[in-house]
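In what follows, a single structure is set out as structure tokens and then discussed.
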Amino acid sequence: MARMERIRETITGILDAEYVQRRKDAGWELVAVEWQRPVEGAETTGAGQAVPYGSRVARDYTRLEDSPAEMDALTLILELIVQDRSLSNMAETLNQRGFRTREGTEWTVVNVYNLLPRLIEVSPRILTSEAWMERRKQISTVG
């Protein structure tokens, strides 16, 4: 299979058929379109960025601090990964244990999947905590 070259362009105007045809004539193939829009009611930091899952804005509004409920959900997901559980089982377990998404809805496979990059960011901190060291002793792994 040939190596593929990819580029990402930020579109500032209207994406017209002529532009797409020029790119196609140059050998490019359109493989994705990404859309975005503001989300009403989504919590943001002062810089306008969304607060990462597992964190919340501190009462003094100057920093982020851990959100205990969200960190518990992340820790449970990490535990279920160690147990080699499926994403659907993770969503089901979160729902059974009373965890809800930030929007207050039940967990779905997509919600869990979308949280995996955040789990990668926060897992070194979880894995080195004393609570995890104790919890790890009780986790049965699939062998």
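Here, A, B, ... name the chains of the structure tokens in the order displayed, residue numbers run from 1 inside each chain, and ligands are numbered from 1 in the same displayed order.
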So which residues of chain A fall under helix (DSSP H, G or I) by DSSP, listed as a PyMOL selection string? chain A and resi 17-25+68-82+87-96+109-127+130-138
If you run DSSP on this backbone, which residues of region 30-127 of chain A come out as strand (DSSP E or B), and could you give them as a VMD selection string? chain A and resid 44 50 55 to 57 64 to 66
Students should find that CA of Ser86 (chain A) and CA of Asp72 (chain A) are spaced 18.6 Å
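With CA of Ile11 (chain A) on one side and CA of Val31 (chain A) on the other, the separation reads 15.1 Å.
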Per-residue nearest contacts of region 100-129 of chain A to region 65-70 of chain A (10 Å; only C-alpha atoms) as CSV:
residue,atom,partner,partner_atom,distance
A:Arg100,CA,A:Glu70,CA,9.0
A:Thr101,CA,A:Glu70,CA,8.6
A:Arg102,CA,A:Glu70,CA,8.5
Take the selection from the previous step and output its residues with N, CA and C atoms, as a PDB file, in the first residue's frame.
ATOM      1  N   ARG A 100     -23.172   9.450  35.812  1.00  0.00           N
ATOM      2  CA  ARG A 100     -23.822  10.071  34.674  1.00  0.00           C
ATOM      3  C   ARG A 100     -22.810  10.972  33.974  1.00  0.00           C
ATOM      4  N   THR A 101     -23.060  11.245  32.703  1.00  0.00           N
ATOM      5  CA  THR A 101     -22.188  12.146  31.948  1.00  0.00           C
ATOM      6  C   THR A 101     -22.363  13.564  32.486  1.00  0.00           C
ATOM      7  N   ARG A 102     -21.558  14.484  32.025  1.00  0.00           N
ATOM      8  CA  ARG A 102     -21.696  15.885  32.426  1.00  0.00           C
ATOM      9  C   ARG A 102     -23.068  16.437  32.083  1.00  0.00           C
TER      10      ARG A 102
END
Work out how far CA of Gly27 (chain A) is from CA of Ala2 (chain A), in Å to one decimal. 13.8 Å
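Proximity ranking of A:Glu92, A:Thr105, A:Leu80, A:Tyr53 relative to Glu121 (chain A) places A:Tyr53 first, based on only C-alpha atoms.
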Which residues are near Glu34 (chain A)? Cut-off 12 Å, only C-alpha atoms, ignore same chain within fewer than 6 positions. Put them as a PDB file with N, CA and C atoms, in the first residue's frame.
ATOM      1  N   ARG A   8      -4.402  19.214   6.472  1.00  0.00           N
ATOM      2  CA  ARG A   8      -5.635  19.723   7.079  1.00  0.00           C
ATOM      3  C   ARG A   8      -5.679  21.219   6.802  1.00  0.00           C
ATOM      4  N   GLU A   9      -6.785  21.669   6.244  1.00  0.00           N
ATOM      5  CA  GLU A   9      -6.936  23.077   5.921  1.00  0.00           C
ATOM      6  C   GLU A   9      -8.050  23.680   6.761  1.00  0.00           C
ATOM      7  N   THR A  10      -7.840  24.904   7.199  1.00  0.00           N
ATOM      8  CA  THR A  10      -8.883  25.648   7.882  1.00  0.00           C
ATOM      9  C   THR A  10      -9.631  26.449   6.833  1.00  0.00           C
ATOM     10  N   ILE A  11     -10.920  26.229   6.755  1.00  0.00           N
ATOM     11  CA  ILE A  11     -11.754  26.904   5.774  1.00  0.00           C
ATOM     12  C   ILE A  11     -12.313  28.171   6.405  1.00  0.00           C
TER      13      ILE A  11
END
So that I can see what lies close to Leu78 (chain A), please list as a PDB file with C-alpha atoms, in the first residue's frame the residues with an atom at most 9 Å from it, counting only C-alpha atoms and leaving out residues fewer than 2 positions away in the same chain.
ATOM      1  CA  ALA A  73     -15.645   7.727  36.855  1.00  0.00           C
ATOM      2  CA  LEU A  74     -12.221   7.969  35.195  1.00  0.00           C
ATOM      3  CA  THR A  75     -10.704   5.685  37.823  1.00  0.00           C
ATOM      4  CA  LEU A  76     -13.477   3.136  37.302  1.00  0.00           C
ATOM      5  CA  LEU A  80     -12.277  -1.763  33.711  1.00  0.00           C
ATOM      6  CA  ILE A  81      -9.556  -1.343  31.070  1.00  0.00           C
ATOM      7  CA  VAL A  82      -7.163  -3.263  33.318  1.00  0.00           C
ATOM      8  CA  GLN A  83      -9.831  -5.979  33.529  1.00  0.00           C
ATOM      9  CA  LEU A 119      -8.003   9.130  30.331  1.00  0.00           C
ATOM     10  CA  SER A 123      -3.956   8.123  33.993  1.00  0.00           C
ATOM     11  CA  ILE A 126      -4.309   8.081  38.853  1.00  0.00           C
ATOM     12  CA  LEU A 127      -1.857   5.192  38.537  1.00  0.00           C
TER      13      LEU A 127
END
Considering only C-alpha atoms, can you say which of A:Arg97, A:Glu79, A:Arg23, A:Val110 comes closest to Ile139 (chain A)?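 Among the listed residues, the smallest separation from Ile139 (chain A) belongs to A:Glu79.
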